[in-house]
$ cat entry_4.txt   # compact mmCIF, C-alpha atoms and all ligand atoms
# COMPACT_ATOMS: atom_id res chain seq x y z
CA MET W 276 12.04 44.10 -28.06
CA ASN W 277 14.54 44.63 -25.22
CA ASN W 278 17.58 44.22 -27.42
CA SER W 279 18.80 46.82 -29.86
CA SER W 280 18.72 44.08 -32.46
CA ILE W 281 18.20 40.33 -32.62
CA ILE W 282 19.18 37.55 -34.97
CA THR W 283 16.51 34.94 -35.65
CA LEU W 284 17.26 31.39 -36.68
CA ASN W 285 14.56 29.50 -38.52
CA GLU W 286 14.43 25.87 -37.42
CA LYS W 287 12.25 24.81 -40.38
CA SER W 288 14.96 26.07 -42.71
CA VAL W 289 17.59 24.11 -40.78
CA LYS W 290 15.61 20.92 -41.28
CA ASN W 291 14.92 21.72 -44.93
CA ASN W 292 18.59 22.29 -45.73
CA ILE W 293 19.83 19.20 -43.92
CA ASP W 294 17.17 17.01 -45.56
CA PHE W 295 18.06 18.42 -48.98
CA LEU W 296 21.81 18.00 -48.53
CA LYS W 297 21.54 14.46 -47.19
CA LYS W 298 19.25 13.43 -50.01
CA LYS W 299 21.43 14.96 -52.72
CA LEU W 300 24.75 13.75 -51.34
CA GLY W 301 23.46 10.24 -50.72
CA ALA W 302 23.42 7.92 -47.74
CA LYS W 303 27.06 6.87 -48.13
CA VAL W 304 28.40 10.41 -47.78
CA LYS W 305 28.81 11.83 -44.30
CA VAL W 306 27.81 15.47 -43.93
CA SER W 307 30.21 17.37 -41.71
CA ALA W 308 28.65 20.69 -40.76
CA VAL W 309 31.26 23.43 -40.90
CA VAL W 310 30.59 25.74 -37.97
CA LYS W 311 33.73 27.89 -37.97
CA ALA W 312 33.44 31.68 -37.61
CA ASN W 313 30.69 31.30 -35.01
CA ALA W 314 28.76 29.02 -37.37
CA TYR W 315 29.02 31.55 -40.22
CA GLY W 316 27.72 34.20 -37.86
CA HIS W 317 24.63 32.21 -36.87
CA GLY W 318 25.94 31.40 -33.37
CA ILE W 319 27.59 28.10 -32.44
CA GLU W 320 25.64 27.68 -29.19
CA GLN W 321 22.29 28.13 -30.96
CA ILE W 322 22.93 26.37 -34.27
CA VAL W 323 24.72 23.24 -33.05
CA PRO W 324 21.74 21.96 -31.00
CA LEU W 325 19.51 22.57 -34.04
CA PHE W 326 21.88 20.72 -36.38
CA GLU W 327 22.13 17.93 -33.82
CA LYS W 328 18.36 17.64 -33.52
CA HIS W 329 18.02 17.35 -37.29
CA GLY W 330 20.58 14.64 -37.82
CA ILE W 331 24.10 16.10 -37.90
CA ASP W 332 26.74 14.23 -35.88
CA HIS W 333 29.95 15.55 -37.45
CA TYR W 334 31.27 19.10 -37.03
CA SER W 335 34.20 20.95 -38.58
CA VAL W 336 35.81 23.98 -36.97
CA PHE W 337 38.98 25.99 -37.46
CA TYR W 338 40.12 26.66 -33.88
CA TYR W 339 40.40 24.49 -30.79
CA SER W 340 38.34 27.15 -29.00
CA GLU W 341 35.50 26.58 -31.48
CA ALA W 342 35.79 22.83 -30.94
CA MET W 343 35.28 23.42 -27.23
CA ARG W 344 32.18 25.52 -27.88
CA VAL W 345 30.71 22.81 -30.12
CA TYR W 346 31.58 20.16 -27.53
CA LYS W 347 29.71 22.07 -24.82
CA SER W 348 26.71 22.69 -27.07
CA LEU W 349 26.13 19.03 -27.89
CA SER W 350 23.81 16.79 -25.89
CA ALA W 351 25.23 13.54 -27.26
CA PRO W 352 28.74 12.61 -28.41
CA ALA W 353 29.57 13.57 -32.00
CA THR W 354 32.71 13.88 -34.08
CA ILE W 355 34.47 17.23 -33.89
CA MET W 356 37.19 17.91 -36.45
CA ILE W 357 39.63 20.82 -36.12
CA MET W 358 40.83 21.92 -39.55
CA GLY W 359 43.16 24.64 -38.33
CA TRP W 360 44.74 26.05 -35.22
CA VAL W 361 45.66 24.10 -32.09
CA SER W 362 48.32 25.53 -29.79
CA ASP W 363 50.89 23.14 -28.35
CA GLU W 364 49.39 23.77 -24.90
CA ASP W 365 45.95 22.66 -26.06
CA MET W 366 47.07 19.45 -27.77
CA ASN W 367 46.67 17.35 -24.61
CA ASP W 368 43.10 18.44 -24.21
CA VAL W 369 42.40 17.87 -27.90
CA LEU W 370 43.46 14.25 -27.48
CA CYS W 371 41.62 13.79 -24.18
CA LYS W 372 38.39 15.10 -25.66
CA GLY W 373 38.82 12.83 -28.67
CA PHE W 374 38.78 15.72 -31.14
CA GLU W 375 40.05 14.88 -34.59
CA PHE W 376 42.40 17.31 -36.27
CA PHE W 377 44.26 18.06 -39.49
CA VAL W 378 47.97 17.34 -39.70
CA PHE W 379 49.38 19.74 -42.28
CA ASN W 380 53.06 19.72 -41.33
CA LEU W 381 55.56 17.59 -39.44
CA GLU W 382 55.61 19.94 -36.47
CA ARG W 383 51.93 19.22 -35.87
CA LEU W 384 52.59 15.49 -36.16
CA GLN W 385 55.41 15.70 -33.60
CA THR W 386 53.33 17.70 -31.13
CA ALA W 387 50.54 15.17 -31.47
CA LEU W 388 52.97 12.30 -30.96
CA GLU W 389 54.40 13.81 -27.77
CA SER W 390 50.93 14.34 -26.31
CA ALA W 391 49.79 10.89 -27.37
CA LYS W 392 52.79 9.30 -25.66
CA ARG W 393 52.29 11.34 -22.52
CA LEU W 394 48.63 10.35 -22.32
CA ASN W 395 49.11 6.90 -23.78
CA ILE W 396 46.23 7.32 -26.24
CA LYS W 397 45.93 7.54 -29.99
CA ALA W 398 45.75 10.88 -31.76
CA LYS W 399 42.91 10.87 -34.29
CA ILE W 400 44.44 12.59 -37.26
CA HIS W 401 43.47 13.63 -40.77
CA LEU W 402 46.52 13.92 -42.98
CA GLU W 403 46.06 16.99 -45.13
CA ALA W 404 47.67 16.80 -48.55
CA GLU W 405 49.07 19.78 -50.39
CA THR W 406 47.59 19.33 -53.83
CA GLY W 407 47.92 22.75 -55.39
CA MET W 408 46.26 25.38 -53.25
CA ASN W 409 49.62 26.08 -51.62
CA ARG W 410 48.09 27.08 -48.34
CA SER W 411 48.33 24.23 -45.85
CA GLY W 412 49.09 20.56 -46.30
CA LEU W 413 51.86 17.98 -46.65
CA ASN W 414 53.88 18.00 -49.85
CA PRO W 415 54.55 14.52 -51.32
CA SER W 416 58.05 14.32 -49.84
CA VAL W 417 56.83 15.47 -46.42
CA LEU W 418 53.99 12.96 -46.64
CA ASN W 419 56.62 10.22 -46.94
CA GLU W 420 58.30 11.43 -43.76
CA ALA W 421 54.96 11.59 -42.00
CA ILE W 422 54.25 8.03 -43.08
CA SER W 423 57.53 6.85 -41.53
CA ILE W 424 56.75 8.55 -38.24
CA ILE W 425 53.26 7.07 -38.18
CA LYS W 426 54.53 3.57 -38.98
CA GLU W 427 57.11 3.82 -36.21
CA ASN W 428 54.40 4.75 -33.72
CA PRO W 429 51.39 2.55 -34.43
CA ASP W 430 50.12 2.86 -30.85
CA TYR W 431 49.85 6.62 -30.98
CA PHE W 432 48.14 7.41 -34.26
CA ASP W 433 44.77 6.61 -35.67
CA VAL W 434 44.83 7.94 -39.23
CA VAL W 435 41.12 8.60 -39.55
CA GLY W 436 41.24 10.72 -42.64
CA PHE W 437 43.09 11.85 -45.72
CA CYS W 438 42.03 15.20 -47.06
CA THR W 439 42.79 18.29 -49.08
CA HIS W 440 41.09 21.58 -49.89
CA LEU W 441 40.24 22.66 -53.42
CA ALA W 442 41.23 26.13 -54.55
CA GLY W 443 37.95 27.64 -55.70
CA ALA W 444 35.49 24.95 -56.78
CA GLU W 445 32.73 27.57 -56.92
CA SER W 446 34.12 29.10 -60.13
CA ILE W 447 34.22 27.36 -63.51
CA SER W 448 37.39 29.25 -64.38
CA ASN W 449 39.24 27.17 -61.79
CA HIS W 450 38.19 23.88 -63.40
CA PRO W 451 41.62 22.84 -64.75
CA ARG W 452 43.32 23.62 -61.46
CA ILE W 453 40.76 21.58 -59.51
CA GLN W 454 41.16 18.60 -61.87
CA LYS W 455 44.90 18.70 -61.27
CA GLN W 456 44.36 18.80 -57.53
CA LEU W 457 42.06 15.79 -57.63
CA LYS W 458 44.66 13.80 -59.61
CA LYS W 459 47.40 14.74 -57.20
CA TYR W 460 45.22 13.76 -54.27
CA GLN W 461 44.61 10.28 -55.75
CA LYS W 462 48.31 9.81 -56.36
CA MET W 463 49.18 10.70 -52.77
CA LEU W 464 46.38 8.49 -51.50
CA SER W 465 47.86 5.51 -53.33
CA VAL W 466 51.21 6.18 -51.67
CA LEU W 467 49.48 6.10 -48.31
CA GLU W 468 47.65 2.88 -49.12
CA ALA W 469 50.81 1.26 -50.46
CA ASN W 470 52.14 1.80 -46.94
CA ASN W 471 49.10 0.06 -45.45
CA ILE W 472 47.69 3.26 -44.09
CA VAL W 473 44.05 3.15 -45.15
CA PRO W 474 42.10 6.14 -43.88
CA LYS W 475 38.39 5.35 -43.62
CA CYS W 476 37.47 8.93 -44.32
CA LYS W 477 38.64 10.46 -47.58
CA HIS W 478 37.44 14.01 -48.04
CA VAL W 479 38.21 16.94 -50.32
CA ALA W 480 34.92 18.72 -50.97
CA ASN W 481 33.31 21.82 -49.55
CA SER W 482 29.77 22.82 -50.58
CA ALA W 483 30.70 23.93 -54.09
CA ALA W 484 32.90 20.94 -54.90
CA ALA W 485 30.22 18.51 -53.68
CA PHE W 486 27.81 19.88 -56.27
CA VAL W 487 30.13 20.76 -59.15
CA TYR W 488 32.33 17.65 -58.92
CA PRO W 489 30.18 14.75 -57.63
CA LYS W 490 33.27 12.47 -57.69
CA ALA W 491 34.79 14.72 -55.05
CA ARG W 492 32.17 13.72 -52.46
CA MET W 493 34.11 10.60 -51.47
CA ASP W 494 33.36 9.60 -47.84
CA LEU W 495 32.57 13.00 -46.37
CA VAL W 496 31.74 16.53 -47.45
CA ARG W 497 32.64 19.53 -45.33
CA VAL W 498 29.52 21.58 -45.87
CA GLY W 499 29.65 25.17 -44.73
CA ILE W 500 27.73 27.85 -46.59
CA MET W 501 25.00 25.52 -47.91
CA MET W 502 24.05 24.38 -44.41
CA TYR W 503 22.94 27.94 -43.85
CA GLY W 504 20.94 28.11 -47.07
CA PHE W 505 23.34 29.90 -49.41
CA TRP W 506 24.90 28.70 -52.65
CA SER W 507 28.66 29.14 -52.80
CA SER W 508 28.31 31.22 -55.94
CA THR W 509 25.71 32.02 -58.57
CA GLU W 510 27.56 29.70 -60.96
CA VAL W 511 27.06 26.72 -58.66
CA PHE W 512 23.38 27.52 -58.26
CA ILE W 513 22.81 27.96 -61.98
CA GLN W 514 24.59 24.73 -62.76
CA TYR W 515 22.37 22.93 -60.26
CA ILE W 516 19.09 24.49 -61.33
CA ASN W 517 19.72 24.35 -65.10
CA ASN W 518 18.49 20.83 -65.66
CA LYS W 519 15.77 20.88 -63.01
CA ALA W 520 12.09 21.16 -63.93
CA THR W 521 11.30 23.49 -61.05
CA LYS W 522 13.48 26.53 -60.82
CA THR W 523 12.91 27.34 -57.19
CA ASP W 524 15.81 27.36 -54.76
CA PRO W 525 15.75 24.15 -52.70
CA LEU W 526 17.72 25.82 -49.90
CA ASN W 527 16.21 28.16 -47.32
CA ARG W 528 17.99 30.90 -45.43
CA ILE W 529 18.13 30.31 -41.71
CA LEU W 530 19.12 33.74 -40.50
CA GLY W 531 17.23 37.00 -40.14
CA TRP W 532 18.33 40.22 -38.41
CA GLN W 533 15.91 42.73 -36.97
CA SER W 534 16.22 45.97 -35.07
CA GLN W 535 13.87 48.84 -34.31
CA ILE W 536 13.56 52.59 -34.73
CA MET W 537 15.31 54.30 -31.83
CA SER W 538 14.61 57.91 -32.72
CA ILE W 539 12.99 60.01 -35.47
CA LYS W 540 14.05 63.38 -36.89
CA TYR W 541 12.89 65.85 -39.51
CA ILE W 542 15.74 67.34 -41.54
CA LYS W 543 15.56 70.51 -43.62
CA THR W 544 16.72 70.82 -47.24
CA GLY W 545 20.42 71.61 -47.49
CA GLU W 546 21.43 69.95 -44.22
CA PHE W 547 24.07 67.22 -44.03
CA VAL W 548 23.22 63.98 -42.25
CA SER W 549 25.63 61.98 -40.05
CA TYR W 550 29.44 62.46 -40.05
CA GLY W 551 30.99 64.62 -42.73
CA ILE W 552 29.32 65.71 -45.90
CA SER W 553 28.56 62.46 -47.70
CA TYR W 554 24.78 62.92 -47.44
CA LEU W 555 23.05 66.18 -48.26
CA ALA W 556 19.29 66.43 -47.83
CA GLN W 557 17.92 67.51 -51.21
CA SER W 558 14.49 68.20 -49.74
CA ASP W 559 12.84 68.15 -46.34
CA ILE W 560 13.12 64.58 -45.11
CA LYS W 561 12.15 62.35 -42.19
CA THR W 562 14.84 60.04 -40.80
CA ALA W 563 14.96 57.02 -38.52
CA LEU W 564 17.87 56.24 -36.25
CA ILE W 565 18.58 52.51 -35.96
CA PRO W 566 20.85 51.14 -33.19
CA ILE W 567 23.12 48.88 -35.22
CA GLY W 568 26.39 49.81 -36.93
CA TYR W 569 29.72 48.47 -38.10
CA SER W 570 30.45 47.09 -34.63
CA SER W 571 27.37 44.88 -35.06
CA GLY W 572 28.54 43.70 -38.47
CA TYR W 573 26.84 46.24 -40.72
CA SER W 574 29.69 47.13 -43.03
CA ARG W 575 30.79 50.74 -43.37
CA SER W 576 30.89 50.13 -47.10
CA LEU W 577 27.07 50.16 -46.99
CA SER W 578 27.20 53.88 -46.21
CA ASN W 579 24.71 55.70 -48.47
CA LYS W 580 23.99 52.35 -50.18
CA GLY W 581 22.29 49.96 -47.79
CA ARG W 582 18.55 49.34 -47.51
CA VAL W 583 16.36 48.29 -44.62
CA LEU W 584 12.68 47.32 -44.43
CA ILE W 585 10.29 49.33 -42.30
CA ARG W 586 6.48 49.02 -42.45
CA GLY W 587 6.82 46.76 -45.47
CA GLN W 588 8.78 49.31 -47.50
CA ARG W 589 12.39 49.62 -48.60
CA CYS W 590 14.20 52.56 -47.02
CA SER W 591 17.67 53.80 -47.95
CA VAL W 592 20.51 54.08 -45.50
CA ILE W 593 21.74 57.67 -45.71
CA GLY W 594 25.07 59.03 -44.57
CA VAL W 595 27.95 56.95 -43.27
CA VAL W 596 27.46 53.84 -41.17
CA ASN W 597 28.53 54.64 -37.58
CA MET W 598 29.98 52.28 -35.02
CA ASN W 599 26.58 51.68 -33.39
CA MET W 600 24.05 53.50 -35.55
CA ILE W 601 22.69 53.86 -39.05
CA ILE W 602 20.17 56.40 -40.33
CA ALA W 603 17.44 55.56 -42.83
CA ASP W 604 15.33 57.90 -44.94
CA ILE W 605 11.69 57.28 -43.96
CA THR W 606 10.17 60.31 -45.66
CA ASN W 607 7.71 58.00 -47.41
CA LEU W 608 6.47 56.60 -44.11
CA PRO W 609 4.52 59.40 -42.45
CA ASP W 610 3.12 57.01 -39.84
CA ALA W 611 6.45 55.41 -38.90
CA GLU W 612 7.18 55.74 -35.20
CA ILE W 613 9.73 54.89 -32.56
CA GLY W 614 9.79 51.15 -31.84
CA ASP W 615 8.79 50.11 -35.36
CA GLU W 616 10.50 46.94 -36.50
CA VAL W 617 13.45 47.41 -38.85
CA VAL W 618 14.51 44.39 -40.90
CA ILE W 619 18.17 44.42 -41.83
CA ILE W 620 18.35 40.89 -43.19
CA GLY W 621 15.26 38.84 -43.98
CA LYS W 622 11.60 39.30 -44.83
CA GLN W 623 9.00 41.85 -43.91
CA GLY W 624 5.65 41.68 -45.65
CA ASP W 625 6.25 40.85 -49.32
CA LEU W 626 9.78 42.19 -49.38
CA GLU W 627 13.07 40.58 -48.49
CA ILE W 628 16.60 41.83 -47.98
CA LYS W 629 19.00 39.05 -48.78
CA VAL W 630 22.57 38.77 -47.65
CA SER W 631 23.45 38.63 -51.33
CA ALA W 632 21.90 42.05 -51.94
CA PHE W 633 24.05 43.25 -49.12
CA SER W 634 27.18 41.74 -50.53
CA ASP W 635 26.46 42.97 -54.06
CA ILE W 636 26.54 46.60 -52.99
CA SER W 637 29.38 46.31 -50.54
CA GLU W 638 31.55 43.92 -52.60
CA GLN W 639 31.70 41.55 -49.67
CA LEU W 640 31.21 37.83 -50.02
CA ASN W 641 28.15 36.24 -48.38
CA TYR W 642 30.68 34.48 -46.18
CA GLU W 643 32.18 37.78 -45.11
CA VAL W 644 28.88 39.47 -44.29
CA LEU W 645 27.84 36.50 -42.15
CA ALA W 646 31.18 36.08 -40.41
CA HIS W 647 31.14 39.70 -39.32
CA LEU W 648 27.81 39.52 -37.50
CA SER W 649 28.66 40.40 -33.94
CA GLU W 650 28.66 37.58 -31.41
CA SER W 651 27.04 39.91 -28.90
CA ILE W 652 23.75 40.06 -30.81
CA LYS W 653 21.13 37.84 -29.18
CA ARG W 654 20.08 34.82 -31.26
CA THR W 655 16.60 33.34 -30.98
CA ILE W 656 15.01 30.37 -32.68
CA ILE W 657 11.80 30.81 -34.65
CA ASN W 658 9.44 28.47 -36.50
CA LYS W 659 10.23 25.66 -34.13
CA LEU W 660 9.27 22.17 -35.20
C1 LIG P 1 35.42 26.68 -44.68
C2 LIG P 1 35.86 25.37 -45.19
C3 LIG P 1 34.95 24.49 -45.78
C4 LIG P 1 33.50 24.86 -46.03
O1 LIG P 1 33.39 25.65 -47.20
P1 LIG P 1 31.95 26.09 -47.78
O2 LIG P 1 32.27 26.76 -49.06
O3 LIG P 1 31.40 27.05 -46.78
O4 LIG P 1 31.14 24.87 -47.91
C5 LIG P 1 35.39 23.24 -46.14
N1 LIG P 1 36.68 22.87 -45.96
C6 LIG P 1 37.60 23.70 -45.40
C7 LIG P 1 39.01 23.23 -45.23
C8 LIG P 1 37.22 24.96 -45.02
O5 LIG P 1 38.12 25.79 -44.47

$ encode --input "entry_4.txt" --output "structure tokens" --more "lines below"
Ligand SMILES: *Cc1c(COP(=O)(O)O)cnc(C)c1O
Amino acid sequence: MNNSSIITLNEKSVKNNIDFLKKKLGAKVKVSAVVKANAYGHGIEQIVPLFEKHGIDHYSVFYYSEAMRVYKSLSAPATIMIMGWVSDEDMNDVLCKGFEFFVFNLERLQTALESAKRLNIKAKIHLEAETGMNRSGLNPSVLNEAISIIKENPDYFDVVGFCTHLAGAESISNHPRIQKQLKKYQKMLSVLEANNIVPKCKHVANSAAAFVYPKARMDLVRVGIMMYGFWSSTEVFIQYINNKATKTDPLNRILGWQSQIMSIKYIKTGEFVSYGISYLAQSDIKTALIPIGYSSGYSRSLSNKGRVLIRGQRCSVIGVVNMNMIIADITNLPDAEIGDEVVIIGKQGDLEIKVSAFSDISEQLNYEVLAHLSESIKRTIINKL
């Protein structure tokens, strides 16, 4: 391996997850693949062609810059929806490229209107309702103002969608809050429709909401974490699996992360390993140096806690995680040598290190672990169809 580490993407898992999601959500529900944060760390340029090949034609991103990356990665036209940031300077290009985008305040609506007039085309907008998350979205009174502006400018707006985001559908404890949000959404939708604005795409659900609240699927689900083979939370998974005959996880992880042993050392009892004094050798040990660190996305909170797989065995990460290196105790592997494969995420032999194991010990969310994977790590596709 030429690279200090590589990320592998399993195409069979991509197909499996898409097939599962489409089947469960039903033919009437559009699946929008959420590919923000570099496709949850998987790599936009690598994952988008795979999603495209296996039947995805709708993509959700946060930034205009991500929309551009998706656009360039596609081989055929598809819908690209920007849920977050567009600078005023980029609005013209957003309209020219036909990107759809969320309108969450009047300023955004005005910017869109100016660009649309300048270019004499329609802005494809999704009105985002504030229904209780209190993050982004139009309050009922602001929605009324937005409606007036849209009605005054019928040539410049195509109201494609009406949407909101639910504040924590992955946890049962948020149930009452979510119910309130859904009610509020319906109320605001009826205001819109009473004004003859009938968006063809009503959407409120992320992965968790689509499974916990089937009514929330509506016309489209913005599926992020489940595309990549993870359940939003254990609660969501348990709820799904509870009344199924087979208890195996229908989703498959796409991503693996491998490195190799860069150097080997023998350390004497009583010596400290790595920076500071957080790891003291309690006996003579053998260590492996591995060329990944917190700059690659291996959290410093895994210091003295992480595990890696080498020669089919679990090995503990000892000492603090450095910017570019970690050290593993390989005392139990007398034959281990430089160049041996080190699995950081994924399977080796019968063992597997899951992102969830990672997040359990470092108190990070799956989302967070994935989003931190460095963009500079090479991605390659395995198990091609
Ligand atoms: C990130 C995001 C999603 C996807 O959430 P998952 O839990 O990953 O499915 C959906 N909608 C919005 C607005 C988001 O920001």

$ closest_atom_pairs --input "entry_4.txt" --of "chain W" --to "ligand LIG 1 (chain P)" --cutoff "7 Å" --atoms "only C-alpha atoms and all ligand atoms" --output "Markdown table"
| residue | atom | partner | partner_atom | distance |
| --- | --- | --- | --- | --- |
| W:Val309 | CA | P:LIG1 | C4 | 5.8 |
| W:Met358 | CA | P:LIG1 | C7 | 6.1 |
| W:His440 | CA | P:LIG1 | C7 | 5.4 |
| W:Ala480 | CA | P:LIG1 | C5 | 6.6 |
| W:Asn481 | CA | P:LIG1 | O4 | 4.1 |
| W:Ser482 | CA | P:LIG1 | O4 | 3.6 |
| W:Ala483 | CA | P:LIG1 | O2 | 6.0 |
| W:Arg497 | CA | P:LIG1 | C5 | 4.7 |
| W:Val498 | CA | P:LIG1 | O4 | 4.2 |
| W:Gly499 | CA | P:LIG1 | O3 | 3.3 |
| W:Ile500 | CA | P:LIG1 | O3 | 3.8 |
| W:Met501 | CA | P:LIG1 | O4 | 6.2 |
| W:Ser507 | CA | P:LIG1 | O2 | 5.7 |

$ atom_distance --input "entry_4.txt" --atom1 "CA of Asp494 in chain W" --atom2 "CA of Tyr460 in chain W"
14.1 Å

$ atom_distance --input "entry_4.txt" --atom1 "CA of Tyr550 in chain W" --atom2 "CA of Ser571 in chain W"
18.4 Å

$ closest_residue --input "entry_4.txt" --among "W:Phe437, W:Tyr503, W:Trp532, W:Tyr488" --to "Pro474 in chain W" --atoms "all atoms listed in the file"
W:Phe437

$ closest_residue --input "entry_4.txt" --among "W:Ala387, W:Thr354, W:Val479, W:Arg452" --to "Glu375 in chain W" --atoms "only C-alpha atoms"
W:Thr354

$ axis_aligned_box --input "entry_4.txt" --around "range 608-620 of chain W" --padding-each-side "5 Å" --output "AutoDock Vina command-line options"
--center_x 10.7 --center_y 50.1 --center_z -38.0 --size_x 25.2 --size_y 28.5 --size_z 22.3

$ atom_distance --input "entry_4.txt" --atom1 "CA of Leu555 in chain W" --atom2 "CA of Val630 in chain W"
27.4 Å

$ residues_around --input "entry_4.txt" --residues "range 455-459 of chain W" --least-positions-apart "4" --cutoff "12 Å" --atoms "all atoms listed in the file" --output "ChimeraX atom specification"
/W:404-409,413-415,438-444,449-451,463-466,477-480,484,488-493

$ residues_around --input "entry_4.txt" --residues "Gly551 in chain W" --least-positions-apart "5" --cutoff "12 Å" --atoms "all atoms listed in the file" --output "number ranges by chain"
W: 546, 578, 593-597

$ write_last_selection --input "entry_4.txt" --atoms "C-alpha atoms" --output "short mmCIF file (atom, residue, chain, number, x, y, z; two decimals), in the frame of the given file"
data_model
loop_
_atom_site.label_atom_id
_atom_site.label_comp_id
_atom_site.auth_asym_id
_atom_site.auth_seq_id
_atom_site.Cartn_x
_atom_site.Cartn_y
_atom_site.Cartn_z
CA GLU W 546 21.43 69.95 -44.22
CA SER W 578 27.20 53.88 -46.21
CA ILE W 593 21.74 57.67 -45.71
CA GLY W 594 25.07 59.03 -44.57
CA VAL W 595 27.95 56.95 -43.27
CA VAL W 596 27.46 53.84 -41.17
CA ASN W 597 28.53 54.64 -37.58
#

$ residues_near_point --input "entry_4.txt" --point "(53.9, 19.1, -31.6)" --cutoff "12 Å" --atoms "all atoms listed in the file" --output "PDB file with C-alpha atoms, in the coordinates of the input"
ATOM      1  CA  VAL W 361      45.660  24.100 -32.090  1.00  0.00           C
ATOM      2  CA  SER W 362      48.320  25.530 -29.790  1.00  0.00           C
ATOM      3  CA  ASP W 363      50.890  23.140 -28.350  1.00  0.00           C
ATOM      4  CA  GLU W 364      49.390  23.770 -24.900  1.00  0.00           C
ATOM      5  CA  ASP W 365      45.950  22.660 -26.060  1.00  0.00           C
ATOM      6  CA  MET W 366      47.070  19.450 -27.770  1.00  0.00           C
ATOM      7  CA  ASN W 367      46.670  17.350 -24.610  1.00  0.00           C
ATOM      8  CA  VAL W 378      47.970  17.340 -39.700  1.00  0.00           C
ATOM      9  CA  PHE W 379      49.380  19.740 -42.280  1.00  0.00           C
ATOM     10  CA  ASN W 380      53.060  19.720 -41.330  1.00  0.00           C
ATOM     11  CA  LEU W 381      55.560  17.590 -39.440  1.00  0.00           C
ATOM     12  CA  GLU W 382      55.610  19.940 -36.470  1.00  0.00           C
ATOM     13  CA  ARG W 383      51.930  19.220 -35.870  1.00  0.00           C
ATOM     14  CA  LEU W 384      52.590  15.490 -36.160  1.00  0.00           C
ATOM     15  CA  GLN W 385      55.410  15.700 -33.600  1.00  0.00           C
ATOM     16  CA  THR W 386      53.330  17.700 -31.130  1.00  0.00           C
ATOM     17  CA  ALA W 387      50.540  15.170 -31.470  1.00  0.00           C
ATOM     18  CA  LEU W 388      52.970  12.300 -30.960  1.00  0.00           C
ATOM     19  CA  GLU W 389      54.400  13.810 -27.770  1.00  0.00           C
ATOM     20  CA  SER W 390      50.930  14.340 -26.310  1.00  0.00           C
ATOM     21  CA  ALA W 391      49.790  10.890 -27.370  1.00  0.00           C
ATOM     22  CA  LYS W 392      52.790   9.300 -25.660  1.00  0.00           C
ATOM     23  CA  ALA W 398      45.750  10.880 -31.760  1.00  0.00           C
TER      24      ALA W 398
END

$ residues_around --input "entry_4.txt" --residues "Lys561 in chain W" --least-positions-apart "3" --cutoff "7 Å" --atoms "all atoms listed in the file" --output "list of chain:residue names"
W:Lys540, W:Tyr541, W:Ile542, W:Asp604, W:Ile605, W:Thr606

$ closest_residue --input "entry_4.txt" --among "W:Ile400, W:Met356, W:Ile282, W:Ala421" --to "Lys475 in chain W" --atoms "only C-alpha atoms"
W:Ile400

$ residues_around --input "entry_4.txt" --residues "Ala563 in chain W" --least-positions-apart "5" --cutoff "10 Å" --atoms "only C-alpha atoms" --output "PDB file with C-alpha atoms, in the coordinates of the input"
ATOM      1  CA  GLN W 535      13.870  48.840 -34.310  1.00  0.00           C
ATOM      2  CA  ILE W 536      13.560  52.590 -34.730  1.00  0.00           C
ATOM      3  CA  MET W 537      15.310  54.300 -31.830  1.00  0.00           C
ATOM      4  CA  SER W 538      14.610  57.910 -32.720  1.00  0.00           C
ATOM      5  CA  ILE W 539      12.990  60.010 -35.470  1.00  0.00           C
ATOM      6  CA  LYS W 540      14.050  63.380 -36.890  1.00  0.00           C
ATOM      7  CA  TYR W 541      12.890  65.850 -39.510  1.00  0.00           C
ATOM      8  CA  ILE W 585      10.290  49.330 -42.300  1.00  0.00           C
ATOM      9  CA  CYS W 590      14.200  52.560 -47.020  1.00  0.00           C
ATOM     10  CA  VAL W 592      20.510  54.080 -45.500  1.00  0.00           C
ATOM     11  CA  ILE W 593      21.740  57.670 -45.710  1.00  0.00           C
ATOM     12  CA  ILE W 601      22.690  53.860 -39.050  1.00  0.00           C
ATOM     13  CA  ILE W 602      20.170  56.400 -40.330  1.00  0.00           C
ATOM     14  CA  ALA W 603      17.440  55.560 -42.830  1.00  0.00           C
ATOM     15  CA  ASP W 604      15.330  57.900 -44.940  1.00  0.00           C
ATOM     16  CA  ILE W 605      11.690  57.280 -43.960  1.00  0.00           C
ATOM     17  CA  THR W 606      10.170  60.310 -45.660  1.00  0.00           C
ATOM     18  CA  ALA W 611       6.450  55.410 -38.900  1.00  0.00           C
ATOM     19  CA  GLU W 612       7.180  55.740 -35.200  1.00  0.00           C
ATOM     20  CA  ILE W 613       9.730  54.890 -32.560  1.00  0.00           C
ATOM     21  CA  ASP W 615       8.790  50.110 -35.360  1.00  0.00           C
ATOM     22  CA  VAL W 617      13.450  47.410 -38.850  1.00  0.00           C
TER      23      VAL W 617
END

$ residues_around --input "entry_4.txt" --residues "Ser634 in chain W" --least-positions-apart "2" --cutoff "12 Å" --atoms "all atoms listed in the file" --output "list in words"
Ser508, Tyr573, Ser574, Ser576, Leu577, Lys580, Gly581, Arg582, Ile620, Ile628, Lys629, Val630, Ser631, Ala632, Ile636, Ser637, Glu638, Gln639, Leu640, Asn641, Tyr642, Glu643, Val644 and Leu645 of chain W

$ closest_residue --input "entry_4.txt" --among "W:Leu349, W:Val487, W:Leu418, W:Val583" --to "Gln321 in chain W" --atoms "only C-alpha atoms"
W:Leu349
